[in-house]
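Enquirer: Mind looking over this structure? Questions follow.
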Amino acid sequence: MTELNTDVIELHDLCAYSINEKEVLSEINSKYNKKWVVACYPRAIDNMFRQNKIDMDKYDVLNFRLMSSDQIKEELDEKQEPNSEEAVYEVKKNSLKVPAWYPVIDEERCIYCGKCARFCVFGVYKFSKKSLEVVEPLNCKNNCPACGRTCPTSAIIFPRLPENSTLSGAKPGKDEPGVSAAPKDGLFVMLNERNKTRRNIFKNDVMQLAEDEKRKAIEELKKRAKE
Ligand code: SF4
Ligand code: SF4
């Protein structure tokens with residue numbers, strides 16, 4: 001990256017800057033016309049900026065989970081506007097003392113059922129009819145993606161989840177339940193009933209996993225309180 005003839009700002013890390021020291025992102029936004037954000041899934045980044053009211057325009061996301069560093073460099077070499085002055089390379093560390101682990105809501109997929117808010121016992125969400133907010137992101141327990149598993153429309157993203165899945169920001173597959181209306185003819189109803197039975201078997205396992213993760217988070221909290 002240092003060989004690029006354009007300014008590079010390495011942020012540790014973008015999830016943290018999106019909730020703490022947001023002014024750094026505002027400065028970058030106003031200083032540069034076009035930005036390339038080398039991060040994870042675009043769906044995670046776009047929704048994270050929106051949720052945290054980050055004003056970032058004219059940016060493209062290059063996904064380091066799916067692209068090698070050579071591919072990223074190649075793409076940047078092709079697209080960058082060369083800097084006439086000497087290119088700047090800066091490393092910035094956020095002052096947040098705890099991991100920036102929190103849920104990001106994909107607004108286009110959320111149907112405001114409130115399941116996530118009822119499931120979480122740590123006050124991360126504020127839910128009311130037709131509105132869902134992540135009000136206390138830092139109350140979320142590190143590595144707990146439990147409520148994301150309970151969401152019926154795969155609308156919850158944990159950008160730092162170390163797996164390539166819908167839950168970490170990949171685009172939901174075509175078989176995953178979404179919010180678009182489906183045709184309601186006889187064949188569709190029959191197939192849907194069959195799928196529901198299969199999904200229920202799968203869902204029971206997923207719900208069990210979510211409950212286990214929640215229990216683990218509560219136990220860790222109790223342990224820490226005793227220390
Ligand atoms: S991941 Fe766990 S702690 Fe975080 S919001 Fe969901 S249920 Fe709450
Ligand atoms: S569970 Fe999913 S669909 Fe329901 S309110 Fe939460 S994010 Fe939205």
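Chain labels A, B, ... are given in the sequence in which chains occur in the structure tokens; within each chain residues are numbered consecutively from 1, and ligands are likewise numbered from 1 in the order shown.
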At a cut-off of 8 Å, using only C-alpha atoms, what residues contact Val37 of chain A? Leave out same-chain residues fewer than 6 positions from it and give the result as a list in words.
Expert: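 Everything that qualifies: Tyr59, Asp60, Val61 and Leu62 of chain A.
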Enquirer: Set out as a tab-separated table a contact list for chain A and ligand 2 with a cut-off of 6 Å, giving each residue of chain A that qualifies its closest atom pair and distance in Å to one decimal, counting only C-alpha atoms and all ligand atoms, ordered by chain and rising residue number.
Expert:
residue	atom	partner	partner_atom_place_in_ligand_line	distance
A:Ile105	CA	ligand 2	7 (S)	5.8
A:Cys110	CA	ligand 2	8 (Fe)	3.8
A:Ile111	CA	ligand 2	3 (S)	4.4
A:Tyr112	CA	ligand 2	5 (S)	3.8
A:Cys113	CA	ligand 2	4 (Fe)	4.0
A:Gly114	CA	ligand 2	5 (S)	3.9
A:Lys115	CA	ligand 2	1 (S)	4.3
A:Cys116	CA	ligand 2	1 (S)	4.2
A:Cys151	CA	ligand 2	1 (S)	3.7
A:Pro152	CA	ligand 2	2 (Fe)	5.8
A:Thr153	CA	ligand 2	3 (S)	5.5
A:Ala155	CA	ligand 2	7 (S)	4.9
A:Ile156	CA	ligand 2	7 (S)	5.2
Enquirer: Which residues form the shell of 12 Å around ligand 1 when you count only C-alpha atoms and all ligand atoms, given as a PyMOL selection string?
Expert: chain A and resi 100-105+115-126+133-151+156-161+167-168+207+209-221
Enquirer: Using DSSP on the backbone, list every residue of segment 100-167 of chain A that comes out as alpha helix (DSSP H), and give them as an NGL selection string.
Expert: :A and (115-119 or 146-150)
Enquirer: Would you mind exporting N, CA and C atoms of the selected residues as a PDB file, in the first residue's frame?
Expert:
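Dumped everything to part_16.pdb:
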ATOM      1  N   LYS A 115     -37.919  -8.468  17.361  1.00  0.00           N
ATOM      2  CA  LYS A 115     -37.379  -9.692  17.965  1.00  0.00           C
ATOM      3  C   LYS A 115     -35.998  -9.473  18.579  1.00  0.00           C
ATOM      4  N   CYS A 116     -35.127  -8.765  17.847  1.00  0.00           N
ATOM      5  CA  CYS A 116     -33.750  -8.562  18.317  1.00  0.00           C
ATOM      6  C   CYS A 116     -33.758  -7.796  19.634  1.00  0.00           C
ATOM      7  N   ALA A 117     -34.590  -6.753  19.705  1.00  0.00           N
ATOM      8  CA  ALA A 117     -34.618  -5.906  20.904  1.00  0.00           C
ATOM      9  C   ALA A 117     -35.158  -6.690  22.100  1.00  0.00           C
ATOM     10  N   ARG A 118     -36.132  -7.583  21.836  1.00  0.00           N
ATOM     11  CA  ARG A 118     -36.677  -8.379  22.945  1.00  0.00           C
ATOM     12  C   ARG A 118     -35.678  -9.455  23.371  1.00  0.00           C
ATOM     13  N   PHE A 119     -34.892  -9.930  22.419  1.00  0.00           N
ATOM     14  CA  PHE A 119     -33.952 -11.012  22.722  1.00  0.00           C
ATOM     15  C   PHE A 119     -32.760 -10.509  23.539  1.00  0.00           C
ATOM     16  N   ALA A 146     -25.614 -13.194  18.853  1.00  0.00           N
ATOM     17  CA  ALA A 146     -26.809 -14.004  19.101  1.00  0.00           C
ATOM     18  C   ALA A 146     -28.088 -13.432  18.488  1.00  0.00           C
ATOM     19  N   CYS A 147     -28.359 -12.133  18.710  1.00  0.00           N
ATOM     20  CA  CYS A 147     -29.640 -11.607  18.236  1.00  0.00           C
ATOM     21  C   CYS A 147     -29.723 -11.672  16.712  1.00  0.00           C
ATOM     22  N   GLY A 148     -28.557 -11.613  16.057  1.00  0.00           N
ATOM     23  CA  GLY A 148     -28.545 -11.689  14.591  1.00  0.00           C
ATOM     24  C   GLY A 148     -29.136 -12.994  14.097  1.00  0.00           C
ATOM     25  N   ARG A 149     -29.005 -14.035  14.893  1.00  0.00           N
ATOM     26  CA  ARG A 149     -29.526 -15.338  14.470  1.00  0.00           C
ATOM     27  C   ARG A 149     -31.041 -15.417  14.628  1.00  0.00           C
ATOM     28  N   THR A 150     -31.588 -14.511  15.431  1.00  0.00           N
ATOM     29  CA  THR A 150     -33.037 -14.559  15.654  1.00  0.00           C
ATOM     30  C   THR A 150     -33.798 -13.713  14.624  1.00  0.00           C
TER      31      THR A 150
END
Enquirer: I need the residue nearest Asn5 of chain A from this list: A:Gln80, A:Ser128, A:Ser69, A:Ser154. Use only C-alpha atoms for the distance.
Expert: A:Gln80
Enquirer: Could you state the separation of atom CA of Ser68 of chain A and atom CA of Ala87 of chain A in Å, given to one decimal place?
Expert: 22.8 Å
Enquirer: My list of candidates is A:Val206, A:Val91, A:Val98, A:Leu4. Which is closest to Ile72 of chain A when distances are computed with only C-alpha atoms?
Expert: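 Once distances to Ile72 of chain A are computed over only C-alpha atoms, the minimum belongs to A:Leu4.
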Enquirer: Can you list, as an MDAnalysis selection string, every residue of segment 23-163 of chain A that DSSP puts in strand (DSSP E)?
Expert: chainID A and resid 35:39 59:63 89:93 104:105 125:128 131:134 156:157
Enquirer: Measuring between only C-alpha atoms, which one of A:Lys79, A:Lys53, A:Lys58, A:Arg43 shows the shortest distance to Glu23 of chain A?
Expert: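 Using only C-alpha atoms, the shortest distance to Glu23 of chain A belongs to A:Lys53.
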Enquirer: Between atom CA of Lys129 of chain A and atom CA of Asp55 of chain A, what is the distance in Å, rounded to a tenth?
Expert: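 Atom-to-atom, atom CA of Lys129 of chain A and atom CA of Asp55 of chain A are spaced 26.4 Å apart.
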Enquirer: Taking only C-alpha atoms into account, which of A:Gly169, A:Leu25, A:Lys130, A:Ala225 comes nearest Glu10 of chain A?
Expert: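 Nearest to Glu10 of chain A: A:Leu25.
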Enquirer: Kindly indicate which residue among A:Glu176, A:Asn94, A:Asp13, A:Asp106 lies nearest to Pro42 of chain A, using only C-alpha atoms for the distances.
Expert: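 Of the candidates, the smallest distance to Pro42 of chain A is held by A:Asp106.
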